[in-house]
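Below is one structure; the comments refer to it alone.
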Amino acid sequence: MTNTGTIVADTSTDPTDADVAAYAPTACILCECNCGIEVRLGGDGRTFDRIRGDKAHPASKGYTCEKALRLNHYQNGGERLTSPMRRREDGTYEAIDWDTAVREVAEAFARVRDTYGGESIFFYGGGGQGNHLLGAYAAATFRGFGGRYRSSALAQEKTGEFWVNGEMFGRGVRGDFEHCEVALFVGKNPWQSHGMPHARTTLKEIARDPQRAMIVIDPRRTETAEMADFHLAVRPGTDAWCLAALAATIVQEGLTAGEWVRDHVAGTDEVCAVLRTIDVDAFARVCDLDPQLVRGAARRIAAADSVAVFEDLGVQMGLNSTLCSWLEKLVWVLTGNFGKPGAQFIPTAMVPLVAAGKVYTGKTSPVAGARIISGLVPCNVVSEEILTDHPRRYRAMLVDSGNPAHSLADSNRMREALRALDLLVVIDVAMTETAQEAHYVLPAASQYEKFECTFFNFEFPGNVFHLRRPLLDPLPGTLPEPEIHARIVEAAGLLNPDDMARLRGLAGESRLAFGAAFLEYMGAHPELGAVAPVILYRTLGPTLPHGAAAAAVLWNAAHRCAMTYPDSVRAAGIEGEGLELGEALFDAILSSPSGITFSVDDHEVSWTRLGTDDGRIHLVVAEMMDELTRLSPDGPPHDPSFPLVLSAGERRSFTANTIFRDRTWRKKDEHGALRVAPADAAALGLVDGGRARVTTASGSVEVMVEVAEAMRAGHVSLPNGFGIDGAGVSPNELTSYLHRDEFAGTPLHKHVPARVEAVT
Ligand code: SF4
């Protein structure tokens, strides 16, 4: 199967007539695009026999990449859990029934709450790339016991950018690559990591069109860089110098969008004054780039009618990551690229991932004092919050759809922290590395065995929401998360059964009557606000069509969306005023198995969505201004004992997120080889297919070597390994929790100082 970037079909099996069944719509769960797919089950009723793009999906329209076509390895690969597990004194596990598990888990959380306070209960997870519905229900359990502190994978990557967005725009922004003249990718390889609808088709269209241009900042010659007009192959760790040189060129050569900037931007003079002091040639040399290449890229950006920009993990998990987020935005703001086709926009949100307005309110974590951005404690301080005798340390942890022992920095220390907890409860489909440390493990239904959805809804001008229906029943012994959390909340005595029965009766009669009664009930019982999702699930849920009880929380979301963006929702063809519009939107969600376009906008609407107090873009972020002036003309620090930079967790053809536990998913690169530049391989005596030892300050592992032309000398990369299956290295055996961004606390996984030696 080739990476066509168009509609493709898995022909790996040849079903007979007897096992041919109808295709059913669902979505790929491997990246934030959540492309619509159709799945045909085999004769056993559980195997994904055939998978193809769903042409009826309003965003992907039949597009998939090759990764989706082997999702059977997720659904039917690896060891699924089929019973709740309880840890014995000796560390082994015993299967227990659900009633016992739910009762004991509820009692254990209540004990921690009553002894140390609810704030000592920490929550990690809440969904990956395609399962966000569960997050609402998990939050009900967590908050129901008084929990306050939480984190998720977003705090591994995105919180630096969230903070900068909050300061500059008061909202999150995205780029319109479909219509842009120039696409700028910073530490981003959309060919493999996607992040936009029809990524490969869009890249090819930009590359083919002589009127358009692509600029890539990346040390590696990635598939995207191969297609670029300007590839700024920076020395690893120098992205901030490169972005500063781009912004400085724009200012120093008088290329800013003068009138537009005067009308729409605050703080320009202060920022331009700093950018005028930058020696562009010297900064380019720090990056090991020809200054004329940098200047040429800046001039191309300034000359374009529209520029769309995407920064991703290459910088968000690299040195100076928050500074890079700010500098990248200076480049496109100073050239007037917001609120018009092909530029940056502010999308509608069914459920906002980040609350509007300031995303950092001064709150910090109780032990490490780390900034809580967008409500998330930095992942890299979680172990610090536990491994201490501080009276406010976390004592218990609920982990749902997350695997911190595998995915957070410094796995050894993370395991030690998990073992130090009084209580660890893990909800997952498999006995993950984190589950292996838990006191209780509750087996969840897979993403294709329950209703699910994503809140990564970033399409524009038409935005799409897709409530996926289950393709098959939950594996016997497992439960969907909404049911697990409802049972725990009930076992904790947080709900009044008579009240639930009364509300359920009203929901069966009329949703409008239910709505009024529900709001009145919640107003009379504000203490139940934390468990509102479970109340909706138990009352409205059973009355919903298609068995969609789990979608009950979307009723509230649909009303909020319709109230916030009534014109956008009506422009998508959903009719009604006031409450009727919200009801109509909810009905449309429930009755559209391939998803719906729930809002349509024009680009100018972004101006009305800016969350700043004066409706202008705020260029000044004081901490970033200081940080920019501190960039050393000598470049980033260098430790001769670790002369190479390891990028840990590279996205490749057969790596995505870490939900796959089945090594046979990988058609290529089964072992997750260490990619090394030819020059480094020659100097170190490494050969393609040979073995090497990678050593960092935190650990040392043996790996297979792939000599790769795409790598730059001095830079090596590893993909994510599969952990418990033993296929490939788990990169976090090599990372340190102390190696993190100064502002957002995000890990620097793409810049791990390392040395490599040949193993004979
Ligand atoms: S991995 Fe991403 S781009 Fe590829 S099919 Fe899945 S959702 Fe679509």
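As shown in the structure tokens, the chain order sets the letters A, B, ...; within each chain, residues go from 1, and ligands are also counted from 1 in the order they appear.
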* Kindly compile the residues surrounding ligand 1 within 7 Å, counting only C-alpha atoms and all ligand atoms, and format them as an MDAnalysis selection string. => chainID A and resid 28:35 64:68 194 198:199 656
Write the residues you've just listed into a file as a compact mmCIF listing (two decimals), in the first residue's frame, and include all heavy atoms for each of them.
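File out-v4.txt, as written:
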```
# COMPACT_ATOMS: atom_id res chain seq x y z
N CYS A 28 -11.08 7.54 11.93
CA CYS A 28 -9.73 7.15 12.35
C CYS A 28 -9.41 7.88 13.65
O CYS A 28 -9.80 9.03 13.84
CB CYS A 28 -8.72 7.51 11.27
SG CYS A 28 -7.01 7.23 11.76
N ILE A 29 -8.69 7.22 14.54
CA ILE A 29 -8.43 7.79 15.86
C ILE A 29 -6.95 8.04 16.09
O ILE A 29 -6.51 8.15 17.22
CB ILE A 29 -8.96 6.83 16.94
CG1 ILE A 29 -8.40 5.43 16.70
CG2 ILE A 29 -10.48 6.84 16.93
CD1 ILE A 29 -8.66 4.46 17.81
N LEU A 30 -6.19 8.13 14.99
CA LEU A 30 -4.74 8.18 15.13
C LEU A 30 -4.15 9.57 15.12
O LEU A 30 -3.01 9.76 15.53
CB LEU A 30 -4.08 7.33 14.05
CG LEU A 30 -4.41 5.83 14.16
CD1 LEU A 30 -3.77 5.06 13.03
CD2 LEU A 30 -3.97 5.28 15.50
N CYS A 31 -4.86 10.56 14.59
CA CYS A 31 -4.36 11.93 14.71
C CYS A 31 -5.54 12.87 14.80
O CYS A 31 -6.70 12.46 14.64
CB CYS A 31 -3.41 12.30 13.57
SG CYS A 31 -4.18 12.91 12.07
N GLU A 32 -5.26 14.13 15.04
CA GLU A 32 -6.34 15.08 15.35
C GLU A 32 -7.30 15.31 14.19
O GLU A 32 -8.37 15.89 14.38
CB GLU A 32 -5.74 16.42 15.79
CG GLU A 32 -5.03 17.14 14.67
CD GLU A 32 -4.66 18.57 15.03
OE1 GLU A 32 -3.90 18.73 16.00
OE2 GLU A 32 -5.12 19.49 14.36
N CYS A 33 -6.94 14.84 12.98
CA CYS A 33 -7.83 15.04 11.84
C CYS A 33 -9.08 14.18 11.96
O CYS A 33 -10.15 14.55 11.47
CB CYS A 33 -7.12 14.69 10.54
SG CYS A 33 -5.77 15.82 10.19
N ASN A 34 -8.96 13.01 12.59
CA ASN A 34 -10.10 12.11 12.74
C ASN A 34 -10.87 11.93 11.44
O ASN A 34 -12.10 12.15 11.37
CB ASN A 34 -11.03 12.59 13.86
CG ASN A 34 -10.40 12.42 15.23
OD1 ASN A 34 -9.99 13.39 15.85
ND2 ASN A 34 -10.29 11.20 15.71
N CYS A 35 -10.15 11.56 10.38
CA CYS A 35 -10.77 11.36 9.07
C CYS A 35 -11.91 10.35 9.17
O CYS A 35 -11.80 9.33 9.86
CB CYS A 35 -9.75 10.80 8.08
SG CYS A 35 -8.38 11.90 7.75
N THR A 64 -7.99 9.42 3.38
CA THR A 64 -7.28 8.87 4.54
C THR A 64 -5.80 8.77 4.17
O THR A 64 -5.45 8.83 3.00
CB THR A 64 -7.73 7.44 4.95
OG1 THR A 64 -7.23 6.52 3.99
CG2 THR A 64 -9.23 7.32 5.08
N CYS A 65 -4.96 8.60 5.16
CA CYS A 65 -3.59 8.18 4.88
C CYS A 65 -3.53 6.68 5.15
O CYS A 65 -4.53 6.06 5.51
CB CYS A 65 -2.57 8.95 5.72
SG CYS A 65 -2.55 8.46 7.46
N GLU A 66 -2.36 6.09 4.99
CA GLU A 66 -2.24 4.64 5.10
C GLU A 66 -2.46 4.13 6.53
O GLU A 66 -2.79 2.96 6.74
CB GLU A 66 -0.88 4.17 4.59
CG GLU A 66 0.31 4.38 5.52
CD GLU A 66 0.77 5.82 5.59
OE1 GLU A 66 0.22 6.65 4.83
OE2 GLU A 66 1.67 6.12 6.39
N LYS A 67 -2.30 5.02 7.52
CA LYS A 67 -2.33 4.54 8.90
C LYS A 67 -3.69 3.98 9.30
O LYS A 67 -3.80 2.99 10.00
CB LYS A 67 -1.92 5.68 9.84
CG LYS A 67 -0.49 6.12 9.61
CD LYS A 67 -0.08 7.24 10.54
CE LYS A 67 1.27 7.79 10.10
NZ LYS A 67 1.81 8.83 10.95
N ALA A 68 -4.75 4.66 8.81
CA ALA A 68 -6.10 4.25 9.21
C ALA A 68 -6.44 2.85 8.74
O ALA A 68 -7.25 2.16 9.36
CB ALA A 68 -7.12 5.24 8.63
N HIS A 194 0.23 15.15 9.77
CA HIS A 194 -1.08 15.66 9.32
C HIS A 194 -1.42 16.97 10.05
O HIS A 194 -0.69 17.91 9.94
CB HIS A 194 -2.14 14.57 9.49
CG HIS A 194 -1.64 13.23 9.04
ND1 HIS A 194 -1.47 12.92 7.71
CD2 HIS A 194 -1.19 12.15 9.73
CE1 HIS A 194 -0.97 11.69 7.61
NE2 HIS A 194 -0.79 11.20 8.82
N HIS A 198 -6.99 16.70 4.69
CA HIS A 198 -6.36 16.28 3.42
C HIS A 198 -4.90 16.75 3.36
O HIS A 198 -4.48 17.37 2.37
CB HIS A 198 -7.07 16.85 2.20
CG HIS A 198 -8.56 16.95 2.36
ND1 HIS A 198 -9.21 18.12 2.59
CD2 HIS A 198 -9.51 16.00 2.34
CE1 HIS A 198 -10.51 17.90 2.68
NE2 HIS A 198 -10.71 16.61 2.55
N ALA A 199 -4.14 16.50 4.39
CA ALA A 199 -2.80 17.10 4.49
C ALA A 199 -1.96 16.85 3.25
O ALA A 199 -1.36 17.77 2.68
CB ALA A 199 -2.09 16.58 5.73
N ALA A 656 2.20 6.75 15.30
CA ALA A 656 1.23 7.84 15.43
C ALA A 656 1.24 8.20 16.91
O ALA A 656 2.24 8.65 17.43
CB ALA A 656 -0.14 7.39 14.96
```
Please, which residues in range 122-211 of chain A fall within 12 Å of range 253-267 of chain A when counting only C-alpha atoms, and what is the closest atom pair and distance in Å to one decimal for each, ordered by chain then residue number, as CSV?
```
residue,atom,partner,partner_atom,distance
A:Glu167,CA,A:Ala266,CA,11.8
A:Met168,CA,A:Ala266,CA,9.4
A:Phe169,CA,A:Val265,CA,10.2
```
* Mind checking which residues fall within 7 Å of Met711 in chain A, counting only C-alpha atoms, ignoring those fewer than 5 positions away in the same chain, and posting them as a list of chain:residue names? => A:Arg220, A:Arg221, A:Val676, A:Ala677, A:Val716
* Find the spatial neighbours of Ser383 in chain A, counting only C-alpha atoms, within a cut-off of 8 Å - ignore same-chain residues fewer than 5 positions away - and output them as a ChimeraX atom specification. => /A:413-414,417
* Near-Asn496 in chain A list (12 Å; only C-alpha atoms; drop same-chain fewer than 3 positions) as a list in words -> Val489, Glu490, Ala491, Ala492, Gly493, Asp499, Met500, Ala501, Arg502, Leu503, Tyr521, His525, Leu528, Val531, Val534, Ile535, Arg538 and Thr539 of chain A
Selection file, all heavy atoms, as a short mmCIF file (atom, residue, chain, number, x, y, z; two decimals), in the first residue's frame:
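Listing of part.cif after writing:
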```cif
data_model
loop_
_atom_site.label_atom_id
_atom_site.label_comp_id
_atom_site.auth_asym_id
_atom_site.auth_seq_id
_atom_site.Cartn_x
_atom_site.Cartn_y
_atom_site.Cartn_z
N VAL A 489 -19.67 7.37 40.69
CA VAL A 489 -20.33 8.53 41.30
C VAL A 489 -21.54 8.07 42.12
O VAL A 489 -21.78 8.57 43.23
CB VAL A 489 -20.73 9.53 40.19
CG1 VAL A 489 -21.71 10.57 40.72
CG2 VAL A 489 -19.48 10.21 39.64
N GLU A 490 -22.29 7.12 41.60
CA GLU A 490 -23.45 6.60 42.35
C GLU A 490 -23.00 5.87 43.61
O GLU A 490 -23.58 6.04 44.69
CB GLU A 490 -24.26 5.66 41.46
CG GLU A 490 -25.05 6.41 40.40
CD GLU A 490 -25.59 5.50 39.30
OE1 GLU A 490 -25.04 4.40 39.09
OE2 GLU A 490 -26.55 5.91 38.63
N ALA A 491 -21.95 5.07 43.47
CA ALA A 491 -21.46 4.31 44.64
C ALA A 491 -20.97 5.25 45.73
O ALA A 491 -21.00 4.91 46.92
CB ALA A 491 -20.34 3.35 44.21
N ALA A 492 -20.52 6.42 45.31
CA ALA A 492 -20.04 7.40 46.30
C ALA A 492 -21.20 8.13 46.97
O ALA A 492 -20.97 8.99 47.83
CB ALA A 492 -19.11 8.40 45.62
N GLY A 493 -22.41 7.83 46.55
CA GLY A 493 -23.57 8.44 47.17
C GLY A 493 -23.79 9.89 46.77
O GLY A 493 -24.41 10.67 47.50
N ASP A 499 -34.51 11.71 42.65
CA ASP A 499 -34.40 12.89 41.76
C ASP A 499 -34.05 12.45 40.34
O ASP A 499 -34.56 13.00 39.36
CB ASP A 499 -33.32 13.85 42.27
CG ASP A 499 -33.71 14.50 43.59
OD1 ASP A 499 -34.90 14.38 43.97
OD2 ASP A 499 -32.84 15.12 44.24
N MET A 500 -33.15 11.46 40.25
CA MET A 500 -32.74 10.99 38.91
C MET A 500 -33.94 10.37 38.19
O MET A 500 -34.15 10.60 37.00
CB MET A 500 -31.61 9.95 39.02
CG MET A 500 -30.30 10.49 39.60
SD MET A 500 -29.64 11.93 38.77
CE MET A 500 -30.05 13.22 39.95
N ALA A 501 -34.74 9.62 38.93
CA ALA A 501 -35.90 8.97 38.31
C ALA A 501 -36.89 10.03 37.82
O ALA A 501 -37.47 9.91 36.73
CB ALA A 501 -36.56 8.04 39.31
N ARG A 502 -37.10 11.09 38.60
CA ARG A 502 -38.04 12.14 38.20
C ARG A 502 -37.55 12.84 36.92
O ARG A 502 -38.31 13.02 35.96
CB ARG A 502 -38.19 13.16 39.34
CG ARG A 502 -39.21 14.26 39.06
CD ARG A 502 -39.33 15.21 40.24
NE ARG A 502 -38.11 15.97 40.49
CZ ARG A 502 -37.76 17.07 39.82
NH1 ARG A 502 -38.54 17.52 38.86
NH2 ARG A 502 -36.64 17.71 40.11
N LEU A 503 -36.26 13.19 36.89
CA LEU A 503 -35.72 13.87 35.70
C LEU A 503 -35.76 12.95 34.47
O LEU A 503 -36.04 13.39 33.36
CB LEU A 503 -34.27 14.34 35.96
CG LEU A 503 -34.13 15.53 36.92
CD1 LEU A 503 -32.67 15.73 37.30
CD2 LEU A 503 -34.68 16.80 36.28
N TYR A 521 -33.15 22.19 38.70
CA TYR A 521 -32.57 21.25 39.67
C TYR A 521 -31.10 21.61 39.96
O TYR A 521 -30.68 21.65 41.12
CB TYR A 521 -32.67 19.83 39.11
CG TYR A 521 -32.14 18.77 40.06
CD1 TYR A 521 -32.85 18.43 41.22
CD2 TYR A 521 -30.94 18.12 39.80
CE1 TYR A 521 -32.37 17.47 42.09
CE2 TYR A 521 -30.45 17.15 40.66
CZ TYR A 521 -31.17 16.82 41.81
OH TYR A 521 -30.69 15.88 42.68
N HIS A 525 -29.21 22.85 43.37
CA HIS A 525 -28.16 21.97 43.94
C HIS A 525 -26.81 22.30 43.31
O HIS A 525 -26.23 21.48 42.60
CB HIS A 525 -28.51 20.50 43.67
CG HIS A 525 -29.80 20.06 44.28
ND1 HIS A 525 -29.91 19.69 45.60
CD2 HIS A 525 -31.04 19.96 43.77
CE1 HIS A 525 -31.16 19.37 45.88
NE2 HIS A 525 -31.87 19.53 44.78
N LEU A 528 -23.87 19.91 43.04
CA LEU A 528 -23.84 18.79 42.08
C LEU A 528 -23.30 19.21 40.72
O LEU A 528 -23.26 18.40 39.79
CB LEU A 528 -25.26 18.22 41.90
CG LEU A 528 -25.85 17.52 43.13
CD1 LEU A 528 -27.27 17.03 42.82
CD2 LEU A 528 -24.97 16.34 43.55
N VAL A 531 -20.82 16.89 39.01
CA VAL A 531 -21.24 15.60 38.47
C VAL A 531 -22.38 15.75 37.46
O VAL A 531 -23.07 14.77 37.14
CB VAL A 531 -21.63 14.61 39.60
CG1 VAL A 531 -20.41 14.27 40.44
CG2 VAL A 531 -22.75 15.17 40.48
N VAL A 534 -22.74 13.17 34.63
CA VAL A 534 -23.32 11.88 35.02
C VAL A 534 -24.83 12.01 35.21
O VAL A 534 -25.60 11.10 34.84
CB VAL A 534 -22.63 11.34 36.30
CG1 VAL A 534 -23.42 10.20 36.90
CG2 VAL A 534 -21.21 10.88 35.97
N ILE A 535 -25.28 13.15 35.74
CA ILE A 535 -26.73 13.35 35.88
C ILE A 535 -27.39 13.33 34.50
O ILE A 535 -28.43 12.68 34.30
CB ILE A 535 -27.01 14.68 36.62
CG1 ILE A 535 -26.48 14.60 38.06
CG2 ILE A 535 -28.51 15.00 36.62
CD1 ILE A 535 -26.63 15.88 38.86
N ARG A 538 -27.50 9.74 33.17
CA ARG A 538 -28.47 8.86 33.83
C ARG A 538 -29.92 9.30 33.60
O ARG A 538 -30.85 8.52 33.81
CB ARG A 538 -28.20 8.82 35.33
CG ARG A 538 -27.07 7.89 35.73
CD ARG A 538 -27.45 6.44 35.47
NE ARG A 538 -26.51 5.51 36.08
CZ ARG A 538 -25.88 4.55 35.40
NH1 ARG A 538 -26.06 4.41 34.09
NH2 ARG A 538 -25.06 3.73 36.02
N THR A 539 -30.15 10.55 33.18
CA THR A 539 -31.54 11.03 33.04
C THR A 539 -31.91 11.22 31.57
O THR A 539 -32.77 10.52 31.05
CB THR A 539 -31.71 12.34 33.82
OG1 THR A 539 -30.74 13.31 33.37
CG2 THR A 539 -31.52 12.12 35.31
#
```
